[in-house]
>>> print(open('my_file.cif').read())   # mmCIF, C-alpha atoms
data_model
#
loop_
_atom_site.label_atom_id
_atom_site.label_comp_id
_atom_site.auth_asym_id
_atom_site.auth_seq_id
_atom_site.Cartn_x
_atom_site.Cartn_y
_atom_site.Cartn_z
CA MET A 1 86.67 88.56 60.14
CA THR A 2 85.98 92.28 59.58
CA SER A 3 82.87 93.00 57.55
CA PRO A 4 82.82 95.81 54.93
CA THR A 5 80.50 97.85 57.16
CA ASP A 6 83.24 97.99 59.81
CA LEU A 7 85.84 99.32 57.37
CA ARG A 8 86.75 103.01 57.12
CA VAL A 9 88.69 104.25 54.10
CA ALA A 10 90.21 107.67 53.45
CA VAL A 11 90.12 108.66 49.77
CA ILE A 12 92.45 111.54 48.88
CA GLY A 13 91.13 113.59 45.97
CA ALA A 14 87.51 114.41 45.14
CA GLY A 15 87.86 114.41 41.38
CA PRO A 16 86.11 111.84 39.15
CA ALA A 17 88.58 109.06 40.05
CA GLY A 18 88.24 109.60 43.79
CA ILE A 19 84.45 109.91 43.67
CA TYR A 20 83.89 106.85 41.49
CA ALA A 21 86.28 104.84 43.68
CA SER A 22 84.29 105.98 46.72
CA ASP A 23 81.08 104.91 44.99
CA LEU A 24 82.41 101.39 44.39
CA LEU A 25 83.57 101.06 47.99
CA ALA A 26 80.34 102.49 49.41
CA LYS A 27 78.32 99.94 47.44
CA GLN A 28 80.24 97.26 49.36
CA GLY A 29 79.24 98.87 52.66
CA VAL A 30 82.54 100.66 53.32
CA ASN A 31 82.47 104.04 55.11
CA ILE A 32 84.33 106.74 53.18
CA ASP A 33 85.88 110.05 54.13
CA LEU A 34 86.72 111.91 50.92
CA PHE A 35 89.49 114.49 51.39
CA GLU A 36 89.85 117.40 48.96
CA GLN A 37 92.35 120.28 49.08
CA MET A 38 90.09 122.62 47.09
CA PRO A 39 86.96 124.26 48.55
CA ALA A 40 84.76 122.32 46.10
CA PRO A 41 84.91 118.82 44.61
CA PHE A 42 84.95 117.41 41.04
CA GLY A 43 88.59 118.15 40.15
CA LEU A 44 89.26 117.85 36.43
CA ILE A 45 85.58 118.12 35.49
CA ARG A 46 85.29 121.45 37.32
CA TYR A 47 88.76 122.86 36.62
CA GLY A 48 90.01 121.05 33.52
CA VAL A 49 87.16 121.12 30.99
CA ALA A 50 86.76 124.15 28.74
CA PRO A 51 83.76 126.32 29.70
CA ASP A 52 82.19 125.96 26.25
CA HIS A 53 81.82 122.19 26.74
CA PRO A 54 78.74 121.88 28.97
CA ARG A 55 78.11 118.37 27.65
CA ILE A 56 81.21 117.08 29.44
CA LYS A 57 80.59 119.20 32.53
CA GLY A 58 77.18 117.45 32.74
CA ILE A 59 79.03 114.54 34.35
CA ILE A 60 78.95 116.62 37.55
CA ALA A 61 75.29 115.65 37.99
CA SER A 62 76.19 111.97 38.36
CA LEU A 63 79.09 112.83 40.68
CA HIS A 64 76.68 114.82 42.84
CA ARG A 65 74.50 111.73 43.24
CA VAL A 66 77.47 109.74 44.51
CA LEU A 67 78.26 112.41 47.11
CA ASP A 68 74.68 112.15 48.38
CA THR A 69 75.47 108.61 49.59
CA PRO A 70 75.09 108.57 53.42
CA THR A 71 78.30 106.59 53.93
CA ILE A 72 80.43 109.09 51.97
CA ARG A 73 81.57 112.24 53.75
CA LEU A 74 83.30 115.08 51.86
CA LEU A 75 85.99 117.05 53.72
CA GLY A 76 87.25 120.08 51.77
CA ASN A 77 90.07 122.60 52.20
CA ILE A 78 92.36 119.93 53.66
CA HIS A 79 95.96 119.75 52.42
CA ILE A 80 97.47 116.31 52.91
CA GLY A 81 101.01 116.69 54.17
CA GLU A 82 100.23 120.04 55.79
CA ASP A 83 96.94 119.77 57.70
CA ILE A 84 97.29 116.02 58.20
CA THR A 85 99.81 113.39 57.10
CA ILE A 86 99.35 110.02 55.44
CA ALA A 87 100.81 108.40 58.56
CA GLN A 88 98.19 110.07 60.74
CA LEU A 89 95.41 108.94 58.41
CA HIS A 90 96.59 105.34 58.78
CA GLU A 91 96.00 105.63 62.53
CA TYR A 92 92.28 106.21 61.97
CA TYR A 93 91.49 104.39 58.72
CA ASP A 94 91.81 100.82 57.56
CA ALA A 95 93.12 101.99 54.18
CA VAL A 96 94.13 105.17 52.37
CA LEU A 97 93.44 105.53 48.65
CA LEU A 98 95.30 108.22 46.68
CA ALA A 99 93.40 109.72 43.72
CA THR A 100 95.11 113.09 43.47
CA GLY A 101 95.62 113.22 39.70
CA ALA A 102 98.17 115.36 37.86
CA VAL A 103 98.23 118.78 39.47
CA ALA A 104 100.98 120.44 37.42
CA ASP A 105 102.64 120.19 34.01
CA ARG A 106 105.53 117.80 33.56
CA ASP A 107 108.81 119.36 32.41
CA LEU A 108 109.64 118.32 28.85
CA ASP A 109 113.39 118.84 29.35
CA ILE A 110 113.80 120.44 25.92
CA PRO A 111 115.82 123.56 25.01
CA GLY A 112 113.86 126.80 25.40
CA GLU A 113 110.94 125.54 27.46
CA ASN A 114 111.76 128.04 30.22
CA LEU A 115 112.07 131.07 27.97
CA ASN A 116 109.73 134.03 28.49
CA GLY A 117 106.43 133.42 26.76
CA SER A 118 106.57 129.63 27.19
CA TYR A 119 103.86 128.16 29.43
CA GLY A 120 102.47 124.81 30.46
CA ALA A 121 98.94 123.98 29.38
CA ALA A 122 97.80 123.49 32.98
CA ASP A 123 98.54 127.14 33.77
CA PHE A 124 96.30 128.46 31.00
CA VAL A 125 93.56 125.87 31.58
CA GLY A 126 93.59 126.74 35.28
CA PHE A 127 93.18 130.40 34.37
CA TYR A 128 90.22 130.08 31.99
CA ASP A 129 88.44 127.55 34.23
CA GLY A 130 88.69 129.87 37.24
CA ASN A 131 90.86 127.57 39.35
CA PRO A 132 91.67 129.65 42.47
CA ARG A 133 95.23 128.28 42.55
CA PHE A 134 96.10 130.01 39.26
CA HIS A 135 96.48 133.61 38.10
CA ARG A 136 93.24 135.54 37.61
CA THR A 137 94.62 137.49 34.65
CA TRP A 138 96.73 136.55 31.64
CA ASN A 139 98.87 138.50 29.17
CA LEU A 140 97.12 137.98 25.83
CA THR A 141 99.04 140.49 23.70
CA ALA A 142 100.73 137.82 21.54
CA THR A 143 99.37 137.60 17.99
CA HIS A 144 101.01 134.30 16.97
CA ILE A 145 100.69 131.32 19.32
CA ALA A 146 102.43 127.94 19.11
CA ILE A 147 100.74 125.02 20.84
CA ILE A 148 102.79 121.84 21.17
CA GLY A 149 100.75 118.65 21.31
CA VAL A 150 97.86 117.10 19.40
CA GLY A 151 95.35 116.14 22.08
CA ASN A 152 92.02 117.56 23.20
CA VAL A 153 93.67 120.01 25.62
CA ALA A 154 95.50 121.54 22.64
CA LEU A 155 92.15 121.93 20.88
CA ASP A 156 90.52 123.44 23.97
CA ILE A 157 93.26 126.05 24.33
CA SER A 158 93.20 126.80 20.60
CA ARG A 159 89.44 127.23 20.63
CA ILE A 160 89.47 129.52 23.68
CA LEU A 161 92.14 131.71 22.08
CA ALA A 162 90.48 131.73 18.65
CA LYS A 163 86.93 132.51 19.77
CA THR A 164 85.85 136.00 20.69
CA ALA A 165 85.16 136.81 24.33
CA ASN A 166 81.51 137.45 23.47
CA GLU A 167 81.16 133.95 22.00
CA LEU A 168 82.23 132.56 25.37
CA HIS A 169 80.17 134.98 27.43
CA THR A 170 77.12 132.71 27.17
CA THR A 171 79.02 129.89 28.93
CA GLU A 172 79.89 129.61 32.63
CA ILE A 173 83.20 131.38 32.03
CA PRO A 174 84.23 133.52 35.05
CA ASP A 175 83.87 137.27 34.60
CA ASN A 176 87.58 137.93 35.19
CA VAL A 177 88.38 135.49 32.36
CA TYR A 178 85.82 137.14 30.08
CA GLN A 179 87.31 140.56 30.77
CA THR A 180 90.82 139.27 30.09
CA LEU A 181 89.80 137.50 26.87
CA LYS A 182 88.38 140.77 25.58
CA THR A 183 92.03 141.92 25.38
CA ASN A 184 93.07 138.83 23.40
CA GLN A 185 95.08 139.76 20.28
CA ALA A 186 95.80 136.27 18.91
CA THR A 187 95.28 136.01 15.15
CA HIS A 188 97.28 132.89 14.24
CA ILE A 189 97.38 129.71 16.33
CA HIS A 190 99.67 126.90 15.21
CA ILE A 191 99.31 123.37 16.59
CA PHE A 192 102.45 121.24 16.37
CA GLY A 193 102.56 117.43 16.51
CA ARG A 194 105.65 115.26 16.23
CA ARG A 195 103.89 112.59 14.21
CA GLY A 196 101.20 112.38 11.54
CA PRO A 197 97.38 112.53 11.40
CA ALA A 198 96.97 108.85 12.30
CA GLN A 199 98.76 109.43 15.62
CA ALA A 200 96.86 112.59 16.64
CA LYS A 201 95.00 112.14 19.94
CA PHE A 202 92.07 114.42 19.16
CA THR A 203 88.62 112.91 19.49
CA PRO A 204 86.63 113.25 16.23
CA LEU A 205 83.89 115.35 17.84
CA GLU A 206 86.33 117.82 19.39
CA LEU A 207 88.20 118.19 16.10
CA LYS A 208 84.99 118.92 14.17
CA GLU A 209 83.81 121.38 16.83
CA LEU A 210 86.88 123.49 16.18
CA ASP A 211 85.34 124.51 12.85
CA HIS A 212 81.90 125.44 14.24
CA SER A 213 82.82 128.97 15.28
CA PRO A 214 82.46 131.80 12.72
CA SER A 215 85.64 133.36 14.10
CA ILE A 216 87.79 130.27 13.44
CA ASN A 217 89.27 129.20 10.10
CA VAL A 218 90.95 125.81 10.39
CA VAL A 219 93.90 125.38 8.03
CA VAL A 220 95.72 122.09 7.41
CA ASP A 221 98.64 121.97 4.99
CA PRO A 222 98.02 119.18 2.43
CA GLU A 223 101.71 118.23 2.69
CA ASP A 224 101.07 117.20 6.30
CA ILE A 225 98.61 114.52 5.19
CA ASP A 226 101.03 111.63 4.88
CA TYR A 227 100.65 107.99 5.92
CA ASP A 228 103.34 105.36 6.30
CA GLU A 229 102.54 101.67 6.81
CA ALA A 230 102.14 102.07 10.59
CA SER A 231 99.74 104.98 10.06
CA ILE A 232 97.63 103.01 7.61
CA ALA A 233 97.45 100.17 10.12
CA ALA A 234 96.45 102.61 12.89
CA ARG A 235 93.57 103.93 10.78
CA ARG A 236 92.33 100.43 10.02
CA ALA A 237 92.51 99.42 13.67
CA SER A 238 90.45 102.32 15.02
CA LYS A 239 87.25 103.83 13.63
CA SER A 240 87.79 106.89 15.83
CA GLN A 241 91.32 107.42 14.50
CA ASP A 242 90.09 107.01 10.94
CA LEU A 243 87.46 109.73 11.55
CA VAL A 244 90.18 112.06 12.85
CA CYS A 245 92.18 111.45 9.67
CA GLN A 246 89.13 112.02 7.48
CA THR A 247 88.38 115.34 9.21
CA LEU A 248 91.97 116.53 8.83
CA GLU A 249 91.88 115.53 5.16
CA GLN A 250 88.70 117.57 4.67
CA TYR A 251 90.38 120.60 6.23
CA ALA A 252 93.41 120.07 3.98
CA MET A 253 91.27 119.86 0.83
CA ARG A 254 89.91 123.35 1.53
#
>>> encode(input="my_file.cif", output="C-alpha cells")
Amino acid sequence: MTSPTDLRVAVIGAGPAGIYASDLLAKQGVNIDLFEQMPAPFGLIRYGVAPDHPRIKGIIASLHRVLDTPTIRLLGNIHIGEDITIAQLHEYYDAVLLATGAVADRDLDIPGENLNGSYGAADFVGFYDGNPRFHRTWNLTATHIAIIGVGNVALDISRILAKTANELHTTEIPDNVYQTLKTNQATHIHIFGRRGPAQAKFTPLELKELDHSPSINVVVDPEDIDYDEASIAARRASKSQDLVCQTLEQYAMR
C-alpha cells in the first residue's frame, strides 16, 4: 500500500482554495506542486478584494505560512493547457486537483448586455486591483452608473467609484489606478436588485462601511423596503440578513 509520503499531487491554482487544499494534503504527508498561471499567488485575495479592505487582505499572511511548508512547491507563470497539459501532469503525479476559480464574468444572456458602456464586474475589479491581465486604464467619464447585483462586489465597485482618488491613495492601490480615478466623473451610482432587502447578499459590515466615507451619501427609497412572507421568514432565520435589512431601513428613514 502506498503511504501518503509517497504521493505527489499537482494542485492547479494558487488562490485561497488551492493553498488551503494543499495545506490539508501536506498535513497528511503528501508532496504538493502548486501551479499558478500568474507571476504571484493568492488569486482572489490579491486580485479580487478592494484595495481599501486591508482587513480581508490580511488573510495573505496565513496563506504565506502555508507556502512555507517544505513539502509544498509553488510554480508560477505556468499556463495549463499551453505550457503543460492535464494529461502530461497525470504522467508525473498521482492526482491532479483543479482549484482555478472563476476567471471571467458569466454572460447573463439578457438584451443589451453587449451594448457600449456595459461591462462585467470582473473587468473593473481586475483594473482597480492591478491584475496584469486587465486594462491599466479605464474610461471614467460617465456621471450616472448602474450596477446590477446586490452582493459585496457591487458594494466594492460602488465604493471605489464614489470615493475620491485621494481617499484611496492611502491604500495599496496601484499608481496607474490612482491616476485614472482622479479623472472619475461619477456623481450618481444606482444599485439594482431583482428582489427585496431580505434577499440582498451584502454582509452587514460591508453595507455599513459604504456610509463611512464623507464623499458618499447612501440613499434608499422607502418604497423599496417591502417584505412578503418569505422575506419575513428569511429575516427570522438569519441574524446577518436581519442586520442587512435594519441597515437598509435606517438608510431609508433618512
>>> residues_around(input="my_file.cif", residues="Ile225 (chain A)", least_positions_apart="4", cutoff="8 Å", atoms="only C-alpha atoms", output="MDAnalysis selection string")
chainID A and resid 196:197 221 248:249 252
>>> residues_around(input="my_file.cif", residues="region 76-89 of chain A", least_positions_apart="5", cutoff="9 Å", atoms="all atoms listed in the file", output="mmCIF file with C-alpha atoms, in the frame of the given file")
data_model
loop_
_atom_site.group_PDB
_atom_site.id
_atom_site.type_symbol
_atom_site.label_atom_id
_atom_site.label_comp_id
_atom_site.auth_asym_id
_atom_site.auth_seq_id
_atom_site.Cartn_x
_atom_site.Cartn_y
_atom_site.Cartn_z
ATOM 1 C CA ALA A 10 90.210 107.670 53.450
ATOM 2 C CA ILE A 12 92.450 111.540 48.880
ATOM 3 C CA ALA A 14 87.510 114.410 45.140
ATOM 4 C CA LEU A 34 86.720 111.910 50.920
ATOM 5 C CA PHE A 35 89.490 114.490 51.390
ATOM 6 C CA GLU A 36 89.850 117.400 48.960
ATOM 7 C CA GLN A 37 92.350 120.280 49.080
ATOM 8 C CA MET A 38 90.090 122.620 47.090
ATOM 9 C CA PRO A 39 86.960 124.260 48.550
ATOM 10 C CA ALA A 40 84.760 122.320 46.100
ATOM 11 C CA PRO A 41 84.910 118.820 44.610
ATOM 12 C CA ASP A 94 91.810 100.820 57.560
ATOM 13 C CA ALA A 95 93.120 101.990 54.180
ATOM 14 C CA VAL A 96 94.130 105.170 52.370
#
>>> closest_residue(input="my_file.cif", among="A:Ala198, A:Val150, A:Ala50, A:Ile32", to="Arg235 (chain A)", atoms="all atoms listed in the file")
A:Ala198
>>> resolve_selection(input="my_file.cif", expression="the PyMOL selection byres ((chain A and resi 171-175) around 7)", output="list in words")
Pro51, Asp52, Asp129, Gly130, Leu168, His169, Thr170, Asn176, Val177, Tyr178 and Gln179 of chain A
>>> write_last_selection(input="my_file.cif", atoms="C-alpha atoms", output="PDB file, in the frame of the given file")
ATOM      1  CA  PRO A  51      83.760 126.320  29.700  1.00  0.00           C
ATOM      2  CA  ASP A  52      82.190 125.960  26.250  1.00  0.00           C
ATOM      3  CA  ASP A 129      88.440 127.550  34.230  1.00  0.00           C
ATOM      4  CA  GLY A 130      88.690 129.870  37.240  1.00  0.00           C
ATOM      5  CA  LEU A 168      82.230 132.560  25.370  1.00  0.00           C
ATOM      6  CA  HIS A 169      80.170 134.980  27.430  1.00  0.00           C
ATOM      7  CA  THR A 170      77.120 132.710  27.170  1.00  0.00           C
ATOM      8  CA  ASN A 176      87.580 137.930  35.190  1.00  0.00           C
ATOM      9  CA  VAL A 177      88.380 135.490  32.360  1.00  0.00           C
ATOM     10  CA  TYR A 178      85.820 137.140  30.080  1.00  0.00           C
ATOM     11  CA  GLN A 179      87.310 140.560  30.770  1.00  0.00           C
TER      12      GLN A 179
END
>>> atom_distance(input="my_file.cif", atom1="CA of Ile148 (chain A)", atom2="CA of Gly193 (chain A)")
6.4 Å
>>> closest_residue(input="my_file.cif", among="A:Ala102, A:Ala121, A:Val49, A:Ala165", to="Ala146 (chain A)", atoms="only C-alpha atoms")
A:Ala121
>>> residues_around(input="my_file.cif", residues="Asn217 (chain A)", least_positions_apart="5", cutoff="12 Å", atoms="only C-alpha atoms", output="list in words")
Ser158, Arg159, Ala162, Lys163, Thr187, His188, Ile189, His190, Lys208, Glu209, Leu210, Asp211, His212, Tyr251, Ala252 and Arg254 of chain A
>>> atom_distance(input="my_file.cif", atom1="CA of Arg55 (chain A)", atom2="CA of Leu97 (chain A)")
29.0 Å
>>> resolve_selection(input="my_file.cif", expression="the PyMOL selection byres ((chain A and resi 230-232) around 12)", output="ChimeraX atom specification")
/A:195-200,225-229,233-238,241-242,245
>>> closest_residue(input="my_file.cif", among="A:Leu115, A:Ile191, A:Ile160, A:Val66", to="Ile145 (chain A)", atoms="all atoms listed in the file")
A:Ile191
>>> closest_residue(input="my_file.cif", among="A:Ile45, A:Ile157, A:Ile72, A:Ile60", to="Asp33 (chain A)", atoms="all atoms listed in the file")
A:Ile72
>>> axis_aligned_box(input="my_file.cif", around="region 9-15 of chain A", padding_each_side="8 Å", output="JSON")
{"center_x": 90.0, "center_y": 109.3, "center_z": 47.7, "size_x": 20.9, "size_y": 26.2, "size_z": 28.7}
>>> atom_distance(input="my_file.cif", atom1="CA of His53 (chain A)", atom2="CA of Gly149 (chain A)")
20.0 Å
>>> resolve_selection(input="my_file.cif", expression="the PyMOL selection byres ((chain A and resi 137) around 8)", output="ChimeraX atom specification")
/A:127,135-136,138-139,176-177,180
>>> residues_around(input="my_file.cif", residues="Leu243 (chain A)", least_positions_apart="3", cutoff="6 Å", atoms="all atoms listed in the file", output="VMD selection string")
chain A and resid 204 240 246
>>> closest_residue(input="my_file.cif", among="A:Pro222, A:Gly18, A:Gly13, A:Gly48", to="Tyr128 (chain A)", atoms="only C-alpha atoms")
A:Gly48
>>> residues_around(input="my_file.cif", residues="Phe202 (chain A)", least_positions_apart="5", cutoff="8 Å", atoms="all atoms listed in the file", output="list in words")
Val150, Gly151, Asn152, Leu155, Leu207 and Val244 of chain A
>>> build_atoms(input="my_file.cif", residues="region 57-75 of chain A", atoms="N, CA, C and O atoms", output="PDB file, in the coordinates of the input")
ATOM      1  N   LYS A  57      80.791 118.754  31.159  1.00  0.00           N
ATOM      2  CA  LYS A  57      80.590 119.200  32.530  1.00  0.00           C
ATOM      3  C   LYS A  57      79.308 118.611  33.126  1.00  0.00           C
ATOM      4  O   LYS A  57      79.119 118.605  34.339  1.00  0.00           O
ATOM      5  N   GLY A  58      78.404 118.091  32.266  1.00  0.00           N
ATOM      6  CA  GLY A  58      77.180 117.450  32.740  1.00  0.00           C
ATOM      7  C   GLY A  58      77.447 116.229  33.597  1.00  0.00           C
ATOM      8  O   GLY A  58      76.555 115.772  34.325  1.00  0.00           O
ATOM      9  N   ILE A  59      78.663 115.689  33.523  1.00  0.00           N
ATOM     10  CA  ILE A  59      79.030 114.540  34.350  1.00  0.00           C
ATOM     11  C   ILE A  59      78.923 114.890  35.830  1.00  0.00           C
ATOM     12  O   ILE A  59      78.712 114.011  36.677  1.00  0.00           O
ATOM     13  N   ILE A  60      79.031 116.184  36.151  1.00  0.00           N
ATOM     14  CA  ILE A  60      78.950 116.620  37.550  1.00  0.00           C
ATOM     15  C   ILE A  60      77.656 116.158  38.200  1.00  0.00           C
ATOM     16  O   ILE A  60      77.618 115.846  39.391  1.00  0.00           O
ATOM     17  N   ALA A  61      76.578 116.078  37.426  1.00  0.00           N
ATOM     18  CA  ALA A  61      75.290 115.650  37.990  1.00  0.00           C
ATOM     19  C   ALA A  61      75.386 114.241  38.566  1.00  0.00           C
ATOM     20  O   ALA A  61      74.879 113.967  39.660  1.00  0.00           O
ATOM     21  N   SER A  62      76.060 113.334  37.849  1.00  0.00           N
ATOM     22  CA  SER A  62      76.190 111.970  38.360  1.00  0.00           C
ATOM     23  C   SER A  62      77.152 111.915  39.537  1.00  0.00           C
ATOM     24  O   SER A  62      76.963 111.130  40.474  1.00  0.00           O
ATOM     25  N   LEU A  63      78.171 112.773  39.543  1.00  0.00           N
ATOM     26  CA  LEU A  63      79.090 112.830  40.680  1.00  0.00           C
ATOM     27  C   LEU A  63      78.381 113.356  41.921  1.00  0.00           C
ATOM     28  O   LEU A  63      78.639 112.898  43.036  1.00  0.00           O
ATOM     29  N   HIS A  64      77.481 114.300  41.733  1.00  0.00           N
ATOM     30  CA  HIS A  64      76.680 114.820  42.840  1.00  0.00           C
ATOM     31  C   HIS A  64      75.892 113.699  43.509  1.00  0.00           C
ATOM     32  O   HIS A  64      75.794 113.623  44.740  1.00  0.00           O
ATOM     33  N   ARG A  65      75.320 112.823  42.693  1.00  0.00           N
ATOM     34  CA  ARG A  65      74.500 111.730  43.240  1.00  0.00           C
ATOM     35  C   ARG A  65      75.340 110.804  44.103  1.00  0.00           C
ATOM     36  O   ARG A  65      74.873 110.293  45.130  1.00  0.00           O
ATOM     37  N   VAL A  66      76.586 110.581  43.706  1.00  0.00           N
ATOM     38  CA  VAL A  66      77.470 109.740  44.510  1.00  0.00           C
ATOM     39  C   VAL A  66      77.728 110.392  45.869  1.00  0.00           C
ATOM     40  O   VAL A  66      77.688 109.743  46.916  1.00  0.00           O
ATOM     41  N   LEU A  67      77.959 111.706  45.865  1.00  0.00           N
ATOM     42  CA  LEU A  67      78.260 112.410  47.110  1.00  0.00           C
ATOM     43  C   LEU A  67      77.050 112.464  48.050  1.00  0.00           C
ATOM     44  O   LEU A  67      77.206 112.758  49.234  1.00  0.00           O
ATOM     45  N   ASP A  68      75.873 112.199  47.528  1.00  0.00           N
ATOM     46  CA  ASP A  68      74.680 112.150  48.380  1.00  0.00           C
ATOM     47  C   ASP A  68      74.575 110.835  49.163  1.00  0.00           C
ATOM     48  O   ASP A  68      73.692 110.684  50.017  1.00  0.00           O
ATOM     49  N   THR A  69      75.470 109.893  48.889  1.00  0.00           N
ATOM     50  CA  THR A  69      75.470 108.610  49.590  1.00  0.00           C
ATOM     51  C   THR A  69      75.753 108.836  51.081  1.00  0.00           C
ATOM     52  O   THR A  69      76.743 109.493  51.433  1.00  0.00           O
ATOM     53  N   PRO A  70      74.923 108.303  51.977  1.00  0.00           N
ATOM     54  CA  PRO A  70      75.090 108.570  53.420  1.00  0.00           C
ATOM     55  C   PRO A  70      76.430 108.126  53.985  1.00  0.00           C
ATOM     56  O   PRO A  70      76.916 108.713  54.961  1.00  0.00           O
ATOM     57  N   THR A  71      77.041 107.107  53.379  1.00  0.00           N
ATOM     58  CA  THR A  71      78.300 106.590  53.930  1.00  0.00           C
ATOM     59  C   THR A  71      79.531 107.279  53.326  1.00  0.00           C
ATOM     60  O   THR A  71      80.658 106.858  53.571  1.00  0.00           O
ATOM     61  N   ILE A  72      79.314 108.319  52.529  1.00  0.00           N
ATOM     62  CA  ILE A  72      80.430 109.090  51.970  1.00  0.00           C
ATOM     63  C   ILE A  72      80.384 110.503  52.546  1.00  0.00           C
ATOM     64  O   ILE A  72      79.379 111.195  52.457  1.00  0.00           O
ATOM     65  N   ARG A  73      81.488 110.912  53.161  1.00  0.00           N
ATOM     66  CA  ARG A  73      81.570 112.240  53.750  1.00  0.00           C
ATOM     67  C   ARG A  73      82.674 113.031  53.047  1.00  0.00           C
ATOM     68  O   ARG A  73      83.806 112.559  52.932  1.00  0.00           O
ATOM     69  N   LEU A  74      82.340 114.223  52.551  1.00  0.00           N
ATOM     70  CA  LEU A  74      83.300 115.080  51.860  1.00  0.00           C
ATOM     71  C   LEU A  74      83.921 116.068  52.837  1.00  0.00           C
ATOM     72  O   LEU A  74      83.212 116.772  53.559  1.00  0.00           O
ATOM     73  N   LEU A  75      85.256 116.128  52.846  1.00  0.00           N
ATOM     74  CA  LEU A  75      85.990 117.050  53.720  1.00  0.00           C
ATOM     75  C   LEU A  75      86.891 117.914  52.832  1.00  0.00           C
ATOM     76  O   LEU A  75      87.890 117.438  52.304  1.00  0.00           O
TER      77      LEU A  75
END
